[in-house]
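> Right, I'll just put the structure down here and ask away after.
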Amino acid sequence: MKQTNSPYRYLNGLRDGVPIGLGYLSVSFGFGITAVGQGLHILEALLISMTNLTSAGQVAGVTVMVAGGTVAMIVAEMILTQLIINLRYSLMGITLTQRLDSNCTTRHRLLMSFGMTDEIFALAASKPYPVGPSYFYGLMTAPYIGWAGGTLLGALAGQILPMSVRLALGIAIYAMFVAIVLPPMRRERGVLMVVAIAAGLSCLIRYLPFLQFISDGFSIIVCAIIASLVMAWLKPIEEKEGIGDDT
Amino acid sequence: MTLENLLYILVMALTTYLVRMIPFTVFRKKITSRFAKSFFYYIPYAVLAAMTIPAIFYSTGNVISAVAGLVVAVALAFFGKPLIVVAIAACLASFAVGLIPF
């Protein structure tokens, strides 16, 4: 793997992160509405978004907080839920270590890891050249602002936007995912197949009654690991090819 | 703001951060096995696929408007349109179809 300096600058990252930030704005708007609706203070909702930067984990976290119980019980439940739902970030972190340039020292990694979300990871990991701290910080900027800002707006003024608009905004983030995976799916049979397998498994876990016990966060890990293992076995990448593509 | 809630938020944030930080900071080896490289190559696409399907169908509270958004997103993404264009067009499609009373 290349140890050279990344060709991407802060501004490249900032630009790449804008669509993610806009997507987050609408998703976190929904989180803000939900959190306050469940009885949290506006500032609590904002604080959660500013310190966690993750959707599924936060929604589950609020559920745990408002469910009630002894303090020790809630703390234990909180640790367990966050561990399971966010375990995918560990896997993504290891994946991304393979795509970093030599400027990514421990100090930088401590800060960069805070911004490891599904979307930021997917963009950073699919760049054709290794990424460095500047690009990654640029990539984190708009999503962080969008996530915190959307939460605040949602918590403050959940009722301003008509329901029909709020509902339609819900698809933004998924449409973005489609836009990320479709071009490489067209080019590479391996990517096409891994997407098909992961999506198929995800549907099985969602719809088969005896698999309902698997939570949404955990389902993502299970599907992604199985699909990637199968494809790594069926269709290993060419040695000369780098990881990633020109998304 | 209650003191208990602040404690829970702190625990939530700390757990989430440690899960992200430890492997990312500690793991230093370059992976050389072809199988492992292939596995990590496929992971981001698999994660995106598993997050999107079937969740996208329930993202607008109406499966029909969601399918309309998905169709528009796939069509535009197929022709390599930028992420933000795809996202906005899908929202507009879902919004328009959502207005139709079925």
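Residue names in the structure tokens use chain letters A, B, ... in the order shown, residue numbers from 1 in each chain, and ligand numbers from 1 in the order shown.
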Could you give me, as a tab-separated table, a per-residue list for region 5-66 of chain B showing, wherever an atom lies at most 10 Å from an atom of region 122-126 of chain A, the closest pair of atoms and their distance in Å to one decimal, using only C-alpha atoms and sorting by chain then residue number from low to high?


residue	atom	partner	partner_atom	distance
B:Phe40	CA	A:Ala125	CA	9.5
B:Tyr41	CA	A:Ala125	CA	8.5
B:Ile43	CA	A:Ala122	CA	9.1
B:Pro44	CA	A:Ala122	CA	5.4
B:Tyr45	CA	A:Ala122	CA	7.6
B:Val47	CA	A:Ala122	CA	8.5
B:Leu48	CA	A:Ala122	CA	7.8

> For region 161-170 of chain A, work out the shell of residues within 9 Å, counting only C-alpha atoms and skipping chain neighbours fewer than 6 positions away, then give it as a ChimeraX atom specification.

/A:23,26-27,29-30 /B:56,58-62,65-66,69,88,90-96,98-99

> Quote the spacing between CA of Ala155 (chain A) and CA of Thr141 (chain A) in Å to one decimal place.

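Distance reported for this atom pair: 21.3 Å.
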
> Determine, using only C-alpha atoms, which residues of chain A have any atom at most 6 Å from an atom of chain B, and tabulate each with its shortest atom pair and distance in Å to one decimal place, rows ordered by chain and then rising number, as JSON lines.


{"residue": "A:Pro19", "atom": "CA", "partner": "B:Ile84", "partner_atom": "CA", "distance": 5.0}
{"residue": "A:His41", "atom": "CA", "partner": "B:Met1", "partner_atom": "CA", "distance": 6.0}
{"residue": "A:Thr51", "atom": "CA", "partner": "B:Ala13", "partner_atom": "CA", "distance": 5.5}
{"residue": "A:Asn52", "atom": "CA", "partner": "B:Ala13", "partner_atom": "CA", "distance": 5.1}
{"residue": "A:Tyr89", "atom": "CA", "partner": "B:Arg20", "partner_atom": "CA", "distance": 5.3}
{"residue": "A:Ser90", "atom": "CA", "partner": "B:Arg20", "partner_atom": "CA", "distance": 5.4}
{"residue": "A:Gly93", "atom": "CA", "partner": "B:Phe24", "partner_atom": "CA", "distance": 4.5}
{"residue": "A:Ile94", "atom": "CA", "partner": "B:Phe24", "partner_atom": "CA", "distance": 5.6}
{"residue": "A:Thr95", "atom": "CA", "partner": "B:Phe40", "partner_atom": "CA", "distance": 5.5}
{"residue": "A:Arg109", "atom": "CA", "partner": "B:Thr25", "partner_atom": "CA", "distance": 5.7}
{"residue": "A:Ser113", "atom": "CA", "partner": "B:Met21", "partner_atom": "CA", "distance": 5.0}
{"residue": "A:Ala122", "atom": "CA", "partner": "B:Pro44", "partner_atom": "CA", "distance": 5.4}
{"residue": "A:Leu167", "atom": "CA", "partner": "B:Thr60", "partner_atom": "CA", "distance": 4.7}
{"residue": "A:Ala168", "atom": "CA", "partner": "B:Phe95", "partner_atom": "CA", "distance": 4.9}
{"residue": "A:Leu169", "atom": "CA", "partner": "B:Cys91", "partner_atom": "CA", "distance": 5.6}
{"residue": "A:Gly170", "atom": "CA", "partner": "B:Ser59", "partner_atom": "CA", "distance": 5.1}
{"residue": "A:Ile171", "atom": "CA", "partner": "B:Ser59", "partner_atom": "CA", "distance": 5.3}
{"residue": "A:Ala172", "atom": "CA", "partner": "B:Ala87", "partner_atom": "CA", "distance": 4.8}
{"residue": "A:Tyr174", "atom": "CA", "partner": "B:Thr52", "partner_atom": "CA", "distance": 5.7}
{"residue": "A:Ala175", "atom": "CA", "partner": "B:Ala87", "partner_atom": "CA", "distance": 5.0}
{"residue": "A:Met176", "atom": "CA", "partner": "B:Ala87", "partner_atom": "CA", "distance": 5.4}
{"residue": "A:Ala179", "atom": "CA", "partner": "B:Ala77", "partner_atom": "CA", "distance": 4.7}
{"residue": "A:Val194", "atom": "CA", "partner": "B:Ala46", "partner_atom": "CA", "distance": 5.9}
{"residue": "A:Val195", "atom": "CA", "partner": "B:Ala49", "partner_atom": "CA", "distance": 5.3}
{"residue": "A:Ala198", "atom": "CA", "partner": "B:Ala50", "partner_atom": "CA", "distance": 5.3}
{"residue": "A:Ala199", "atom": "CA", "partner": "B:Ala50", "partner_atom": "CA", "distance": 5.0}
{"residue": "A:Ser202", "atom": "CA", "partner": "B:Ala50", "partner_atom": "CA", "distance": 5.4}
{"residue": "A:Cys203", "atom": "CA", "partner": "B:Pro54", "partner_atom": "CA", "distance": 5.9}
{"residue": "A:Ile220", "atom": "CA", "partner": "B:Ala50", "partner_atom": "CA", "distance": 5.5}
{"residue": "A:Ala224", "atom": "CA", "partner": "B:Ala46", "partner_atom": "CA", "distance": 4.7}
{"residue": "A:Ser228", "atom": "CA", "partner": "B:Phe39", "partner_atom": "CA", "distance": 5.2}
{"residue": "A:Leu229", "atom": "CA", "partner": "B:Phe39", "partner_atom": "CA", "distance": 5.8}
{"residue": "A:Ala232", "atom": "CA", "partner": "B:Ser38", "partner_atom": "CA", "distance": 4.9}
{"residue": "A:Pro236", "atom": "CA", "partner": "B:Ser38", "partner_atom": "CA", "distance": 5.2}
{"residue": "A:Ile237", "atom": "CA", "partner": "B:Ser38", "partner_atom": "CA", "distance": 5.3}
{"residue": "A:Ile243", "atom": "CA", "partner": "B:Tyr41", "partner_atom": "CA", "distance": 5.5}

> May I have the selected residues written with N, CA and C atoms, as an mmCIF file, in the first residue's frame?


data_model
loop_
_atom_site.group_PDB
_atom_site.id
_atom_site.type_symbol
_atom_site.label_atom_id
_atom_site.label_comp_id
_atom_site.auth_asym_id
_atom_site.auth_seq_id
_atom_site.Cartn_x
_atom_site.Cartn_y
_atom_site.Cartn_z
ATOM 1 N N PRO A 19 -22.791 17.144 0.484
ATOM 2 C CA PRO A 19 -24.015 16.338 0.327
ATOM 3 C C PRO A 19 -24.321 15.522 1.581
ATOM 4 N N HIS A 41 -34.792 17.497 27.010
ATOM 5 C CA HIS A 41 -34.637 18.930 26.849
ATOM 6 C C HIS A 41 -33.962 19.205 25.497
ATOM 7 N N THR A 51 -21.986 15.132 20.601
ATOM 8 C CA THR A 51 -20.974 14.258 21.178
ATOM 9 C C THR A 51 -21.000 12.854 20.587
ATOM 10 N N ASN A 52 -22.032 12.505 19.806
ATOM 11 C CA ASN A 52 -22.124 11.135 19.303
ATOM 12 C C ASN A 52 -21.995 11.014 17.792
ATOM 13 N N TYR A 89 -18.371 0.573 13.415
ATOM 14 C CA TYR A 89 -17.337 1.605 13.293
ATOM 15 C C TYR A 89 -15.947 1.035 13.565
ATOM 16 N N SER A 90 -15.871 -0.017 14.391
ATOM 17 C CA SER A 90 -14.576 -0.663 14.626
ATOM 18 C C SER A 90 -14.075 -1.285 13.339
ATOM 19 N N GLY A 93 -13.125 1.360 10.953
ATOM 20 C CA GLY A 93 -11.861 1.958 11.363
ATOM 21 C C GLY A 93 -10.688 1.134 10.868
ATOM 22 N N ILE A 94 -10.765 -0.180 11.064
ATOM 23 C CA ILE A 94 -9.685 -1.057 10.600
ATOM 24 C C ILE A 94 -9.571 -0.986 9.083
ATOM 25 N N THR A 95 -10.712 -0.989 8.396
ATOM 26 C CA THR A 95 -10.694 -0.877 6.934
ATOM 27 C C THR A 95 -9.998 0.409 6.508
ATOM 28 N N ARG A 109 -5.307 10.505 14.513
ATOM 29 C CA ARG A 109 -6.294 9.417 14.532
ATOM 30 C C ARG A 109 -7.266 9.559 15.686
ATOM 31 N N SER A 113 -11.087 9.710 14.455
ATOM 32 C CA SER A 113 -12.003 8.607 14.763
ATOM 33 C C SER A 113 -13.360 9.127 15.240
ATOM 34 N N ALA A 122 -17.602 5.671 4.082
ATOM 35 C CA ALA A 122 -17.809 5.162 2.726
ATOM 36 C C ALA A 122 -17.146 6.070 1.693
ATOM 37 N N LEU A 167 -41.656 14.192 5.769
ATOM 38 C CA LEU A 167 -41.629 12.793 5.340
ATOM 39 C C LEU A 167 -40.760 12.620 4.100
ATOM 40 N N ALA A 168 -40.929 13.496 3.107
ATOM 41 C CA ALA A 168 -40.174 13.370 1.854
ATOM 42 C C ALA A 168 -38.677 13.508 2.100
ATOM 43 N N LEU A 169 -38.273 14.341 3.089
ATOM 44 C CA LEU A 169 -36.849 14.527 3.378
ATOM 45 C C LEU A 169 -36.205 13.249 3.910
ATOM 46 N N GLY A 170 -37.029 12.349 4.417
ATOM 47 C CA GLY A 170 -36.511 11.115 5.007
ATOM 48 C C GLY A 170 -35.749 10.251 4.027
ATOM 49 N N ILE A 171 -36.008 10.420 2.730
ATOM 50 C CA ILE A 171 -35.373 9.546 1.745
ATOM 51 C C ILE A 171 -34.008 10.086 1.300
ATOM 52 N N ALA A 172 -33.690 11.334 1.663
ATOM 53 C CA ALA A 172 -32.475 11.995 1.160
ATOM 54 C C ALA A 172 -31.217 11.160 1.377
ATOM 55 N N TYR A 174 -30.804 8.002 1.997
ATOM 56 C CA TYR A 174 -30.759 6.725 1.282
ATOM 57 C C TYR A 174 -30.495 6.933 -0.206
ATOM 58 N N ALA A 175 -31.071 7.997 -0.763
ATOM 59 C CA ALA A 175 -30.817 8.324 -2.170
ATOM 60 C C ALA A 175 -29.319 8.573 -2.373
ATOM 61 N N MET A 176 -28.700 9.195 -1.361
ATOM 62 C CA MET A 176 -27.257 9.441 -1.430
ATOM 63 C C MET A 176 -26.471 8.132 -1.448
ATOM 64 N N ALA A 179 -26.572 6.747 -4.819
ATOM 65 C CA ALA A 179 -25.672 7.463 -5.723
ATOM 66 C C ALA A 179 -24.213 7.071 -5.510
ATOM 67 N N VAL A 194 -21.830 -8.084 -4.242
ATOM 68 C CA VAL A 194 -21.770 -7.865 -2.795
ATOM 69 C C VAL A 194 -22.963 -7.013 -2.349
ATOM 70 N N VAL A 195 -23.359 -6.066 -3.193
ATOM 71 C CA VAL A 195 -24.533 -5.242 -2.886
ATOM 72 C C VAL A 195 -25.800 -6.112 -2.873
ATOM 73 N N ALA A 198 -25.734 -8.417 0.299
ATOM 74 C CA ALA A 198 -25.968 -7.666 1.546
ATOM 75 C C ALA A 198 -27.425 -7.205 1.628
ATOM 76 N N ALA A 199 -27.969 -6.714 0.506
ATOM 77 C CA ALA A 199 -29.357 -6.244 0.498
ATOM 78 C C ALA A 199 -30.319 -7.405 0.734
ATOM 79 N N SER A 202 -30.193 -8.457 4.356
ATOM 80 C CA SER A 202 -30.832 -7.425 5.160
ATOM 81 C C SER A 202 -32.354 -7.586 5.130
ATOM 82 N N CYS A 203 -32.892 -7.957 3.958
ATOM 83 C CA CYS A 203 -34.339 -8.195 3.842
ATOM 84 C C CYS A 203 -34.746 -9.440 4.629
ATOM 85 N N ILE A 220 -26.829 -4.626 10.223
ATOM 86 C CA ILE A 220 -25.898 -4.043 9.239
ATOM 87 C C ILE A 220 -24.550 -4.767 9.292
ATOM 88 N N ALA A 224 -23.145 -7.122 6.239
ATOM 89 C CA ALA A 224 -21.943 -6.638 5.561
ATOM 90 C C ALA A 224 -20.809 -7.660 5.671
ATOM 91 N N SER A 228 -19.377 -9.653 2.402
ATOM 92 C CA SER A 228 -17.989 -9.370 2.025
ATOM 93 C C SER A 228 -17.122 -10.619 2.096
ATOM 94 N N LEU A 229 -17.385 -11.489 3.097
ATOM 95 C CA LEU A 229 -16.640 -12.749 3.184
ATOM 96 C C LEU A 229 -16.907 -13.612 1.951
ATOM 97 N N ALA A 232 -15.198 -12.025 -1.050
ATOM 98 C CA ALA A 232 -13.736 -12.102 -0.974
ATOM 99 C C ALA A 232 -13.284 -13.507 -1.357
ATOM 100 N N PRO A 236 -11.924 -12.584 -5.314
ATOM 101 C CA PRO A 236 -10.911 -11.718 -4.695
ATOM 102 C C PRO A 236 -10.459 -10.639 -5.679
ATOM 103 N N ILE A 237 -10.132 -9.460 -5.154
ATOM 104 C CA ILE A 237 -9.729 -8.363 -6.040
ATOM 105 C C ILE A 237 -8.360 -8.662 -6.635
ATOM 106 N N ILE A 243 -7.492 -0.494 -3.251
ATOM 107 C CA ILE A 243 -8.827 -0.515 -2.695
ATOM 108 C C ILE A 243 -9.501 0.775 -3.122
#

> Kindly give the distance, in Å, that separates CA of Ser219 (chain A) and CA of Glu77 (chain A), rounded to a single decimal.

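These two atoms are separated by 18.6 Å.
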
> Quick one, how far is CA of Gly149 (chain A) from CA of Leu22 (chain A)?

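Atom-to-atom, CA of Gly149 (chain A) and CA of Leu22 (chain A) are spaced 10.4 Å apart.
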
> Could you pull out all residues of chain B with a DSSP call of helix (DSSP H, G or I) and give them as a tab-separated table (two decimals) with N, CA and C atoms, in the first residue's frame?


chain	number	residue	atom	x	y	z
B	3	LEU	N	-29.27	15.81	36.02
B	3	LEU	CA	-27.93	15.30	36.22
B	3	LEU	C	-27.81	13.87	35.70
B	4	GLU	N	-28.88	13.06	35.93
B	4	GLU	CA	-28.87	11.68	35.43
B	4	GLU	C	-28.73	11.66	33.91
B	5	ASN	N	-29.52	12.49	33.24
B	5	ASN	CA	-29.45	12.49	31.79
B	5	ASN	C	-28.07	12.89	31.28
B	6	LEU	N	-27.42	13.84	31.96
B	6	LEU	CA	-26.06	14.22	31.58
B	6	LEU	C	-25.13	13.03	31.70
B	7	LEU	N	-25.30	12.24	32.78
B	7	LEU	CA	-24.47	11.05	32.98
B	7	LEU	C	-24.69	10.06	31.84
B	8	TYR	N	-25.97	9.83	31.48
B	8	TYR	CA	-26.27	8.87	30.42
B	8	TYR	C	-25.68	9.33	29.08
B	9	ILE	N	-25.78	10.63	28.82
B	9	ILE	CA	-25.24	11.17	27.56
B	9	ILE	C	-23.72	11.00	27.53
B	10	LEU	N	-23.08	11.22	28.69
B	10	LEU	CA	-21.63	11.05	28.79
B	10	LEU	C	-21.24	9.60	28.51
B	11	VAL	N	-21.98	8.66	29.11
B	11	VAL	CA	-21.71	7.24	28.90
B	11	VAL	C	-21.90	6.87	27.43
B	12	MET	N	-22.98	7.39	26.84
B	12	MET	CA	-23.28	7.11	25.43
B	12	MET	C	-22.14	7.61	24.56
B	13	ALA	N	-21.71	8.86	24.79
B	13	ALA	CA	-20.68	9.47	23.95
B	13	ALA	C	-19.35	8.74	24.11
B	14	LEU	N	-19.02	8.38	25.37
B	14	LEU	CA	-17.74	7.73	25.63
B	14	LEU	C	-17.68	6.35	24.98
B	15	THR	N	-18.77	5.57	25.12
B	15	THR	CA	-18.81	4.24	24.52
B	15	THR	C	-18.66	4.34	23.00
B	16	THR	N	-19.43	5.25	22.40
B	16	THR	CA	-19.39	5.42	20.95
B	16	THR	C	-17.98	5.81	20.49
B	17	TYR	N	-17.36	6.73	21.24
B	17	TYR	CA	-16.03	7.19	20.85
B	17	TYR	C	-14.99	6.06	20.95
B	18	LEU	N	-15.03	5.32	22.06
B	18	LEU	CA	-14.03	4.26	22.25
B	18	LEU	C	-14.16	3.18	21.17
B	19	VAL	N	-15.41	2.84	20.81
B	19	VAL	CA	-15.63	1.84	19.76
B	19	VAL	C	-15.02	2.31	18.44
B	20	ARG	N	-15.09	3.61	18.19
B	20	ARG	CA	-14.52	4.15	16.97
B	20	ARG	C	-13.01	4.28	17.06
B	21	MET	N	-12.54	4.75	18.22
B	21	MET	CA	-11.15	5.17	18.34
B	21	MET	C	-10.17	4.01	18.47
B	22	ILE	N	-10.48	3.02	19.33
B	22	ILE	CA	-9.47	2.01	19.66
B	22	ILE	C	-8.94	1.26	18.43
B	23	PRO	N	-9.82	0.64	17.61
B	23	PRO	CA	-9.25	-0.11	16.47
B	23	PRO	C	-8.56	0.82	15.47
B	24	PHE	N	-9.11	2.01	15.28
B	24	PHE	CA	-8.58	2.95	14.29
B	24	PHE	C	-7.18	3.43	14.67
B	25	THR	N	-6.94	3.58	15.97
B	25	THR	CA	-5.67	4.12	16.44
B	25	THR	C	-4.64	3.02	16.66
B	26	VAL	N	-5.11	1.87	17.15
B	26	VAL	CA	-4.18	0.80	17.52
B	26	VAL	C	-3.72	0.00	16.31
B	34	ARG	N	-4.51	-11.53	0.40
B	34	ARG	CA	-5.39	-11.12	-0.69
B	34	ARG	C	-6.85	-11.24	-0.26
B	35	PHE	N	-7.12	-12.30	0.51
B	35	PHE	CA	-8.49	-12.52	0.98
B	35	PHE	C	-8.93	-11.35	1.88
B	36	ALA	N	-8.07	-10.98	2.84
B	36	ALA	CA	-8.42	-9.90	3.76
B	36	ALA	C	-8.56	-8.58	3.02
B	37	LYS	N	-7.65	-8.33	2.05
B	37	LYS	CA	-7.75	-7.09	1.26
B	37	LYS	C	-9.08	-7.04	0.52
B	38	SER	N	-9.47	-8.17	-0.06
B	38	SER	CA	-10.72	-8.22	-0.80
B	38	SER	C	-11.90	-7.97	0.14
B	39	PHE	N	-11.83	-8.60	1.33
B	39	PHE	CA	-12.88	-8.42	2.33
B	39	PHE	C	-13.06	-6.94	2.65
B	40	PHE	N	-11.97	-6.26	2.94
B	40	PHE	CA	-12.06	-4.85	3.31
B	40	PHE	C	-12.43	-3.96	2.11
B	41	TYR	N	-12.14	-4.44	0.91
B	41	TYR	CA	-12.55	-3.71	-0.30
B	41	TYR	C	-14.07	-3.73	-0.43
B	42	TYR	N	-14.67	-4.88	-0.12
B	42	TYR	CA	-16.11	-5.02	-0.31
B	42	TYR	C	-16.94	-4.41	0.83
B	43	ILE	N	-16.35	-4.30	2.03
B	43	ILE	CA	-17.11	-3.87	3.21
B	43	ILE	C	-17.91	-2.56	3.02
B	44	PRO	N	-17.31	-1.47	2.51
B	44	PRO	CA	-18.11	-0.24	2.42
B	44	PRO	C	-19.36	-0.39	1.57
B	45	TYR	N	-19.25	-1.10	0.46
B	45	TYR	CA	-20.42	-1.28	-0.41
B	45	TYR	C	-21.47	-2.14	0.27
B	46	ALA	N	-21.01	-3.16	0.98
B	46	ALA	CA	-21.94	-4.05	1.67
B	46	ALA	C	-22.67	-3.30	2.78
B	47	VAL	N	-21.95	-2.44	3.51
B	47	VAL	CA	-22.56	-1.65	4.58
B	47	VAL	C	-23.64	-0.73	4.01
B	48	LEU	N	-23.31	-0.04	2.93
B	48	LEU	CA	-24.28	0.87	2.32
B	48	LEU	C	-25.52	0.12	1.85
B	49	ALA	N	-25.30	-1.04	1.22
B	49	ALA	CA	-26.44	-1.83	0.71
B	49	ALA	C	-27.33	-2.27	1.86
B	50	ALA	N	-26.72	-2.78	2.94
B	50	ALA	CA	-27.50	-3.29	4.07
B	50	ALA	C	-28.23	-2.17	4.80
B	51	MET	N	-27.65	-0.97	4.80
B	51	MET	CA	-28.32	0.16	5.44
B	51	MET	C	-29.50	0.66	4.61
B	52	THR	N	-29.37	0.54	3.29
B	52	THR	CA	-30.37	1.14	2.40
B	52	THR	C	-31.58	0.23	2.16
B	55	ALA	N	-34.53	-0.45	4.36
B	55	ALA	CA	-34.92	0.74	5.14
B	55	ALA	C	-35.48	1.87	4.27
B	56	ILE	N	-34.97	1.99	3.04
B	56	ILE	CA	-35.41	3.10	2.17
B	56	ILE	C	-36.92	3.06	1.92
B	57	PHE	N	-37.50	1.85	1.90
B	57	PHE	CA	-38.93	1.74	1.61
B	57	PHE	C	-39.80	2.33	2.73
B	58	TYR	N	-39.22	2.47	3.92
B	58	TYR	CA	-39.98	3.00	5.06
B	58	TYR	C	-39.53	4.40	5.43
B	63	VAL	N	-44.78	3.59	1.32
B	63	VAL	CA	-43.93	2.75	0.47
B	63	VAL	C	-43.96	3.21	-0.99
B	64	ILE	N	-45.13	3.68	-1.45
B	64	ILE	CA	-45.24	4.07	-2.86
B	64	ILE	C	-44.39	5.31	-3.17
B	65	SER	N	-44.44	6.31	-2.29
B	65	SER	CA	-43.64	7.51	-2.53
B	65	SER	C	-42.15	7.19	-2.38
B	66	ALA	N	-41.83	6.23	-1.49
B	66	ALA	CA	-40.43	5.82	-1.32
B	66	ALA	C	-39.92	5.12	-2.58
B	67	VAL	N	-40.76	4.25	-3.17
B	67	VAL	CA	-40.36	3.57	-4.41
B	67	VAL	C	-40.13	4.59	-5.52
B	68	ALA	N	-40.99	5.61	-5.59
B	68	ALA	CA	-40.81	6.66	-6.60
B	68	ALA	C	-39.46	7.35	-6.41
B	69	GLY	N	-39.13	7.68	-5.15
B	69	GLY	CA	-37.84	8.30	-4.85
B	69	GLY	C	-36.69	7.40	-5.23
B	70	LEU	N	-36.82	6.10	-4.92
B	70	LEU	CA	-35.75	5.14	-5.22
B	70	LEU	C	-35.53	5.02	-6.73
B	71	VAL	N	-36.64	4.95	-7.48
B	71	VAL	CA	-36.53	4.83	-8.94
B	71	VAL	C	-35.80	6.05	-9.52
B	72	VAL	N	-36.19	7.23	-9.07
B	72	VAL	CA	-35.53	8.45	-9.54
B	72	VAL	C	-34.04	8.44	-9.16
B	73	ALA	N	-33.75	8.02	-7.91
B	73	ALA	CA	-32.36	7.99	-7.45
B	73	ALA	C	-31.53	7.03	-8.30
B	74	VAL	N	-32.07	5.83	-8.56
B	74	VAL	CA	-31.33	4.83	-9.34
B	74	VAL	C	-31.09	5.36	-10.76
B	75	ALA	N	-32.13	5.97	-11.36
B	75	ALA	CA	-32.00	6.48	-12.73
B	75	ALA	C	-30.90	7.54	-12.80
B	76	LEU	N	-30.92	8.49	-11.88
B	76	LEU	CA	-29.92	9.57	-11.93
B	76	LEU	C	-28.53	9.06	-11.57
B	77	ALA	N	-28.46	8.17	-10.58
B	77	ALA	CA	-27.15	7.63	-10.18
B	77	ALA	C	-26.56	6.79	-11.29
B	78	PHE	N	-27.42	6.12	-12.06
B	78	PHE	CA	-26.97	5.29	-13.18
B	78	PHE	C	-26.19	6.15	-14.18
B	83	LEU	N	-24.00	13.38	-5.98
B	83	LEU	CA	-24.79	12.89	-4.84
B	83	LEU	C	-25.93	13.84	-4.48
B	84	ILE	N	-25.61	15.13	-4.43
B	84	ILE	CA	-26.60	16.09	-3.96
B	84	ILE	C	-27.78	16.20	-4.93
B	85	VAL	N	-27.49	16.09	-6.24
B	85	VAL	CA	-28.55	16.14	-7.25
B	85	VAL	C	-29.47	14.93	-7.09
B	86	VAL	N	-28.86	13.77	-6.91
B	86	VAL	CA	-29.63	12.53	-6.73
B	86	VAL	C	-30.52	12.64	-5.48
B	87	ALA	N	-29.94	13.16	-4.39
B	87	ALA	CA	-30.68	13.24	-3.13
B	87	ALA	C	-31.87	14.20	-3.25
B	88	ILE	N	-31.65	15.36	-3.82
B	88	ILE	CA	-32.73	16.36	-3.94
B	88	ILE	C	-33.84	15.85	-4.87
B	89	ALA	N	-33.43	15.26	-6.00
B	89	ALA	CA	-34.42	14.75	-6.96
B	89	ALA	C	-35.28	13.66	-6.32
B	90	ALA	N	-34.64	12.79	-5.53
B	90	ALA	CA	-35.40	11.72	-4.87
B	90	ALA	C	-36.41	12.30	-3.88
B	91	CYS	N	-36.00	13.34	-3.14
B	91	CYS	CA	-36.91	14.00	-2.20
B	91	CYS	C	-38.10	14.61	-2.93
B	92	LEU	N	-37.80	15.30	-4.05
B	92	LEU	CA	-38.88	15.93	-4.82
B	92	LEU	C	-39.85	14.88	-5.34
B	93	ALA	N	-39.31	13.77	-5.86
B	93	ALA	CA	-40.17	12.70	-6.38
B	93	ALA	C	-41.05	12.13	-5.28
B	94	SER	N	-40.45	11.87	-4.10
B	94	SER	CA	-41.22	11.32	-2.98
B	94	SER	C	-42.28	12.30	-2.53
B	95	PHE	N	-41.90	13.58	-2.50
B	95	PHE	CA	-42.84	14.61	-2.08
B	95	PHE	C	-44.03	14.67	-3.04
B	96	ALA	N	-43.74	14.68	-4.36
B	96	ALA	CA	-44.80	14.78	-5.37
B	96	ALA	C	-45.74	13.58	-5.28
B	97	VAL	N	-45.14	12.39	-5.22
B	97	VAL	CA	-45.98	11.18	-5.18
B	97	VAL	C	-46.73	11.11	-3.85
B	98	GLY	N	-46.10	11.61	-2.77
B	98	GLY	CA	-46.75	11.60	-1.47
B	98	GLY	C	-48.01	12.45	-1.42
B	99	LEU	N	-48.10	13.43	-2.34
B	99	LEU	CA	-49.28	14.31	-2.37
B	99	LEU	C	-50.49	13.64	-3.00

> I'd like the neighbourhood of Ala148 (chain A) as number ranges by chain, where a residue qualifies if any of its atoms comes within 7 Å (using only C-alpha atoms), though same-chain residues fewer than 2 positions away should be ignored.

A: 46, 49-50, 144-146, 150-152

> Excluding region 129-134 of chain A and residues on its chain fewer than 4 positions from it, collect all residues at most 7 Å away from it, counting only C-alpha atoms, and give them as a compact mmCIF listing (two decimals) with C-alpha atoms, in the first residue's frame.


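Just written: around_30.txt:
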# COMPACT_ATOMS: atom_id res chain seq x y z
CA SER A 6 -2.53 12.14 0.02
CA TYR A 8 -6.55 15.50 -1.30
CA ARG A 9 -6.69 18.79 0.62
CA TYR A 10 -9.02 20.17 3.28
CA ARG A 99 -6.33 3.67 3.17
CA LEU A 100 -4.46 6.32 5.17
CA ASP A 101 -1.38 8.28 4.15
CA ASN A 103 0.54 11.89 7.94
CA CYS A 104 -2.11 10.09 9.99
CA HIS A 108 -4.65 12.83 14.28
CA ALA A 124 -13.11 8.25 2.45
CA GLY A 138 -12.67 18.64 5.62

> Of the candidates A:Trp233, A:Phe210, A:Phe177, A:Phe121, which one gets nearest to Leu139 (chain A) if we count only C-alpha atoms?

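Residue with the minimum atom-to-atom distance to Leu139 (chain A): A:Phe121.
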